[in-house]
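What follows is entry-v1.cif (mmCIF, C-alpha atoms).
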data_start
#
loop_
_atom_site.label_atom_id
_atom_site.label_comp_id
_atom_site.auth_asym_id
_atom_site.auth_seq_id
_atom_site.Cartn_x
_atom_site.Cartn_y
_atom_site.Cartn_z
CA MET A 136 110.01 -4.49 106.06
CA GLU A 137 109.88 -5.84 102.51
CA THR A 138 110.91 -3.81 99.48
CA GLN A 139 110.21 -4.04 95.79
CA GLY A 140 110.97 -2.37 92.48
CA GLN A 141 113.65 0.32 92.45
CA MET A 142 114.54 0.02 96.10
CA MET A 143 118.31 0.50 96.53
CA THR A 144 120.67 1.41 99.33
CA GLU A 145 120.70 4.92 97.86
CA THR A 146 118.10 7.23 99.41
CA VAL A 147 117.07 10.84 98.88
CA THR A 148 115.99 13.27 101.57
CA ALA A 149 112.75 15.19 101.37
CA GLU A 150 114.57 18.32 100.23
CA GLN A 151 116.57 16.40 97.62
CA MET A 152 113.35 14.91 96.27
CA ARG A 153 111.74 18.34 96.00
CA ALA A 154 114.87 19.63 94.22
CA LEU A 155 114.75 16.75 91.73
CA GLU A 156 111.12 17.48 90.98
CA ARG A 157 111.77 21.21 90.57
CA ALA A 158 114.69 20.55 88.24
CA ALA A 159 112.60 18.21 86.10
CA MET A 160 109.78 20.74 85.87
CA ASP A 161 112.14 23.67 85.20
CA SER A 162 113.71 21.72 82.33
CA GLY A 163 110.31 21.39 80.69
CA SER A 164 110.59 17.60 80.53
CA VAL A 165 107.56 17.10 82.76
CA THR A 166 104.87 19.13 84.49
CA GLY A 167 103.90 18.96 88.12
CA LEU A 168 100.51 17.68 87.08
CA GLU A 169 102.13 14.82 85.14
CA LEU A 170 104.31 13.89 88.13
CA MET A 171 101.24 13.84 90.37
CA GLU A 172 99.37 11.63 87.91
CA ARG A 173 102.30 9.20 87.71
CA ALA A 174 102.56 9.08 91.51
CA GLY A 175 98.86 8.39 91.92
CA GLN A 176 98.97 5.77 89.20
CA GLY A 177 101.88 4.04 90.94
CA VAL A 178 99.94 3.88 94.20
CA ALA A 179 96.76 2.64 92.54
CA GLU A 180 98.72 -0.07 90.70
CA ALA A 181 100.42 -1.17 93.92
CA ILE A 182 97.10 -1.36 95.79
CA LYS A 183 95.43 -3.44 93.07
CA ALA A 184 98.42 -5.78 92.83
CA HIS A 185 98.73 -6.20 96.60
CA TRP A 186 95.00 -6.76 97.20
CA PRO A 187 93.57 -8.01 93.89
CA ASP A 188 90.24 -9.09 95.40
CA THR A 189 89.36 -5.87 97.24
CA ARG A 190 86.98 -3.25 95.93
CA ARG A 191 86.33 -0.55 98.55
CA ALA A 192 88.72 2.22 99.58
CA VAL A 193 88.58 5.32 101.74
CA VAL A 194 91.18 7.90 100.68
CA LEU A 195 92.30 10.45 103.27
CA CYS A 196 93.55 13.61 101.54
CA GLY A 197 95.56 16.33 103.24
CA PRO A 198 95.90 20.04 102.43
CA GLY A 199 98.98 19.80 100.17
CA ASN A 200 100.37 17.92 97.20
CA ASN A 201 100.20 14.58 99.04
CA GLY A 202 96.46 15.16 99.15
CA GLY A 203 96.56 15.81 95.41
CA ASP A 204 98.20 12.41 94.94
CA GLY A 205 95.35 10.96 96.98
CA PHE A 206 92.70 12.45 94.71
CA VAL A 207 94.47 10.84 91.74
CA VAL A 208 94.42 7.49 93.55
CA ALA A 209 90.71 7.91 94.31
CA ARG A 210 89.89 8.70 90.67
CA LEU A 211 91.94 5.82 89.25
CA LEU A 212 90.53 3.26 91.68
CA ALA A 213 87.00 4.45 90.91
CA ASP A 214 87.74 4.19 87.19
CA SER A 215 88.69 0.55 87.86
CA GLY A 216 85.28 -0.15 89.37
CA TRP A 217 86.12 0.34 93.03
CA GLU A 218 83.75 1.94 95.52
CA VAL A 219 85.73 4.95 96.72
CA GLU A 220 85.14 7.55 99.41
CA ALA A 221 87.43 10.61 99.53
CA LEU A 222 87.77 12.64 102.72
CA PHE A 223 89.60 15.96 102.64
CA HIS A 224 91.08 18.24 105.30
CA GLY A 225 91.41 21.89 104.32
CA GLU A 226 89.94 24.34 101.85
CA ALA A 227 90.00 23.57 98.14
CA ASP A 228 90.91 27.11 97.15
CA ARG A 229 94.03 26.95 99.33
CA LEU A 230 95.41 23.79 97.75
CA PRO A 231 98.55 24.03 95.57
CA PRO A 232 97.53 24.37 91.88
CA ASP A 233 98.14 20.77 90.81
CA ALA A 234 96.46 19.36 93.90
CA ARG A 235 93.50 21.69 93.30
CA THR A 236 93.19 20.42 89.73
CA ASN A 237 93.02 16.84 90.94
CA HIS A 238 90.61 17.75 93.73
CA ASP A 239 88.30 19.25 91.11
CA ARG A 240 88.69 16.28 88.76
CA TRP A 241 87.58 13.97 91.55
CA ALA A 242 84.82 16.30 92.75
CA ALA A 243 83.33 16.33 89.23
CA THR A 244 82.35 12.68 89.63
CA GLY A 245 82.69 11.79 93.31
CA ALA A 246 81.81 13.39 96.63
CA VAL A 247 84.42 14.99 98.88
CA GLY A 248 83.65 14.52 102.55
CA PRO A 249 85.29 16.22 105.56
CA LEU A 250 88.31 14.47 107.06
CA THR A 251 87.26 14.37 110.69
CA LEU A 252 87.46 11.68 113.33
CA GLY A 253 83.69 11.30 113.36
CA VAL A 254 83.48 10.73 109.61
CA VAL A 255 86.43 8.32 109.68
CA LYS A 256 84.64 6.26 112.33
CA GLN A 257 81.45 6.30 110.24
CA ALA A 258 83.39 4.90 107.26
CA GLY A 259 83.47 1.56 109.04
CA GLU A 260 86.03 -0.99 107.86
CA PRO A 261 86.84 -0.48 104.16
CA ASP A 262 89.04 -2.94 102.32
CA VAL A 263 91.78 -0.29 102.06
CA TRP A 264 92.56 3.00 103.78
CA VAL A 265 94.81 5.32 101.76
CA ASP A 266 96.84 7.77 103.84
CA ALA A 267 97.54 10.79 101.61
CA ILE A 268 97.51 13.37 104.39
CA PHE A 269 101.08 14.66 104.79
CA GLY A 270 103.69 12.64 102.89
CA ILE A 271 107.29 13.85 103.09
CA GLY A 272 106.42 17.38 104.16
CA LEU A 273 105.87 16.83 107.88
CA SER A 274 108.53 17.72 110.46
CA ARG A 275 106.38 18.40 113.53
CA ARG A 276 103.58 16.66 115.38
CA PRO A 277 100.15 17.03 113.75
CA THR A 278 97.61 18.97 115.77
CA GLY A 279 93.86 19.29 116.07
CA GLU A 280 91.54 17.06 114.08
CA LEU A 281 94.32 15.45 112.06
CA GLU A 282 96.14 14.39 115.22
CA ARG A 283 92.93 12.73 116.41
CA VAL A 284 92.41 10.99 113.06
CA LEU A 285 95.97 9.67 112.87
CA SER A 286 96.00 8.55 116.51
CA HIS A 287 92.74 6.69 115.87
CA LEU A 288 94.21 4.94 112.83
CA ALA A 289 97.36 4.08 114.77
CA GLY A 290 95.46 2.64 117.71
CA HIS A 291 92.42 1.12 116.03
CA GLY A 292 93.21 0.69 112.36
CA GLY A 293 96.92 -0.09 112.43
CA ASP A 294 97.78 -3.56 111.16
CA ARG A 295 100.03 -4.10 114.18
CA MET A 296 97.08 -3.56 116.46
CA THR A 297 94.04 -5.26 114.91
CA LEU A 298 94.81 -6.56 111.40
CA GLN A 299 91.40 -5.27 110.27
CA PRO A 300 91.60 -2.53 107.64
CA LYS A 301 94.55 -2.32 105.27
CA LEU A 302 96.50 0.95 105.48
CA VAL A 303 98.48 2.27 102.52
CA ALA A 304 100.73 5.32 102.86
CA VAL A 305 101.38 7.59 99.91
CA ASP A 306 105.13 8.35 100.07
CA VAL A 307 105.50 8.27 103.88
CA PRO A 308 103.07 7.36 106.67
CA SER A 309 101.62 10.64 107.93
CA GLY A 310 103.25 11.63 111.21
CA LEU A 311 106.62 10.06 110.34
CA ASP A 312 109.62 12.29 109.59
CA ALA A 313 110.81 11.28 106.10
CA ASP A 314 114.45 12.07 106.90
CA THR A 315 114.88 10.68 110.42
CA GLY A 316 112.29 7.92 110.76
CA GLU A 317 111.15 9.45 114.03
CA ILE A 318 107.65 10.53 115.07
CA PRO A 319 107.89 14.22 116.00
CA GLY A 320 106.44 15.01 119.40
CA LYS A 321 105.92 11.39 120.42
CA GLY A 322 105.53 11.10 124.17
CA ALA A 323 107.27 8.43 126.23
CA GLY A 324 105.05 5.38 126.52
CA GLU A 325 102.41 6.85 124.20
CA TRP A 326 100.26 3.96 122.99
CA ALA A 327 98.89 5.52 119.79
CA PRO A 328 101.05 8.42 118.60
CA PRO A 329 99.66 10.17 115.49
CA CYS A 330 101.27 7.91 112.89
CA PRO A 331 99.53 4.84 111.48
CA PHE A 332 101.09 1.40 111.18
CA CYS A 333 100.79 0.74 107.45
CA ALA A 334 100.66 -2.56 105.64
CA LEU A 335 102.09 -0.92 102.52
CA THR A 336 103.98 2.28 101.74
CA VAL A 337 104.41 3.42 98.15
CA THR A 338 107.12 6.01 97.58
CA PHE A 339 108.58 7.56 94.44
CA HIS A 340 111.96 7.57 92.66
CA ARG A 341 114.02 6.46 95.69
CA ALA A 342 113.40 5.43 99.26
CA LYS A 343 113.63 8.19 101.85
CA PRO A 344 115.98 7.81 104.85
CA GLY A 345 113.02 7.69 107.23
CA HIS A 346 111.68 4.55 105.58
CA LEU A 347 114.76 2.69 106.79
CA ARG A 348 115.66 4.44 110.06
CA GLY A 349 114.22 4.76 113.53
CA GLU A 350 110.57 3.78 113.68
CA GLY A 351 110.18 3.92 109.89
CA PRO A 352 110.34 0.17 109.15
CA GLU A 353 107.69 -0.60 111.78
CA HIS A 354 105.28 2.03 110.46
CA CYS A 355 105.91 1.60 106.71
CA GLY A 356 105.24 -2.12 106.35
CA LYS A 357 106.11 -3.35 102.87
CA LEU A 358 107.92 -0.61 100.95
CA ILE A 359 107.42 -0.24 97.21
CA VAL A 360 109.42 2.33 95.22
CA LYS A 361 107.75 3.51 92.01
CA ASP A 362 109.52 5.16 89.08
CA ILE A 363 107.82 8.43 88.10
CA GLY A 364 110.25 9.35 85.37
CA LEU A 365 112.72 11.58 87.20
#
Please express the file's structure as structure tokens.
Amino acid sequence: METQGQMMTETVTAEQMRALERAAMDSGSVTGLELMERAGQGVAEAIKAHWPDTRRAVVLCGPGNNGGDGFVVARLLADSGWEVEALFHGEADRLPPDARTNHDRWAATGAVGPLTLGVVKQAGEPDVWVDAIFGIGLSRRPTGELERVLSHLAGHGGDRMTLQPKLVAVDVPSGLDADTGEIPGKGAGEWAPPCPFCALTVTFHRAKPGHLRGEGPEHCGKLIVKDIGL
């Protein structure tokens, strides 16, 4: 695993990261919406720098703030002239407020499709897949449609398997525990557990322990740490 930017031996857990963000927002120095914009900008910048000649992305957005980051990435890539498709799992009116704002900003100019296995397969082979489904918030195995989507990406779209599409994780590859580096609920000998093998992972402020432990290095690929002003 390669690292870049602010990567240090110091890490922060998922809970410590949430506490840092809350403290910054409570102090009035930054809003949650500003932090989300900075995170999305960091990911978009990393994608364009890593693959300067690519122009088509499919962004997979989950039902929480990681999905909100994904909608920022989609908007910024589209503003740069990329062809972007955004797929979303959940209901817009149940998103956290900042994520809902960014969902609506994207939806004002671009379509929001359903994040299902069938639609992911129909998307073909974009230049870049952006995994903004769970981020640091996951501590158990995904279920239902998202388990099927992530297992498909791990088995068919993972760089370790086929080297075809490029996978980029926002914060942490979905399905990986950000603190332990383990894949919750992974079965012995399971060929494609629900966690993609990413070419690039872009995280914020500091690396998380799971990037460096257990199965984290194999699933994260190149790790880039972006400063978001905390």
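Between Thr146 (chain A) and the candidates A:Met160, A:Ala342, A:Val165, A:Leu230, the tightest atom-to-atom separation, counting all atoms listed in the file, involves A:Ala342.
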message: Given only C-alpha atoms as the basis, pick out the residue of A:Leu195, A:Ala154, A:Ala221, A:Ala234 nearest to Leu288 (chain A).
response: A:Leu195
For Arg348 (chain A), the nearest of the candidates A:Ala184, A:Leu281, A:Leu302, A:Leu311, counting only C-alpha atoms: A:Leu311
task: Mind checking which residues fall within 12 Å of Arg153 (chain A), counting all atoms listed in the file, ignoring those fewer than 3 positions away in the same chain, and posting them as a list in words?
output: Val147, Thr148, Ala149, Glu150, Glu156, Arg157, Ala158, Ala159, Met160, Gly167, Leu170, Asn200, Ile271, Gly272, Phe339, His340, Lys343 and Leu365 of chain A
- request: Starting from the shown file, work through the PyMOL selection byres ((chain A and resi 189) around 12) and note down what comes out as number ranges by chain.
  value: A: 182-188, 190-192, 212, 215-219, 261-264, 300-301
message: So, with all atoms listed in the file as the atoms that count, which of A:Gly349, A:Gly203, A:Pro319, A:Gly324 lies closest to Glu282 (chain A)?
response: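 Between A:Gly349, A:Gly203, A:Pro319, A:Gly324, the residue approaching Glu282 (chain A) most closely is A:Pro319.
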- request: For the file shown, report as a list in words the outcome of the PyMOL selection byres ((chain A and resi 209) around 9) at residue level.
  value: Gly175, Ala179, Ala192, Val193, Val194, Asp204, Gly205, Phe206, Val207, Val208, Arg210, Leu211, Leu212, Ala213, Asp214, Trp217, Val219, Glu220, Ala221, Trp241, Gly245 and Val265 of chain A
Emit the selected residues as a compact mmCIF listing (two decimals), in the coordinates of the input, including C-alpha atoms.
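Dumped everything to part_35.txt:
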# COMPACT_ATOMS: atom_id res chain seq x y z
CA GLY A 175 98.86 8.39 91.92
CA ALA A 179 96.76 2.64 92.54
CA ALA A 192 88.72 2.22 99.58
CA VAL A 193 88.58 5.32 101.74
CA VAL A 194 91.18 7.90 100.68
CA ASP A 204 98.20 12.41 94.94
CA GLY A 205 95.35 10.96 96.98
CA PHE A 206 92.70 12.45 94.71
CA VAL A 207 94.47 10.84 91.74
CA VAL A 208 94.42 7.49 93.55
CA ARG A 210 89.89 8.70 90.67
CA LEU A 211 91.94 5.82 89.25
CA LEU A 212 90.53 3.26 91.68
CA ALA A 213 87.00 4.45 90.91
CA ASP A 214 87.74 4.19 87.19
CA TRP A 217 86.12 0.34 93.03
CA VAL A 219 85.73 4.95 96.72
CA GLU A 220 85.14 7.55 99.41
CA ALA A 221 87.43 10.61 99.53
CA TRP A 241 87.58 13.97 91.55
CA GLY A 245 82.69 11.79 93.31
CA VAL A 265 94.81 5.32 101.76
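The closest residue to Ser286 (chain A), picked from A:Ser309, A:Pro331, A:Asp233, A:Val303 and counting all atoms listed in the file, is A:Pro331.
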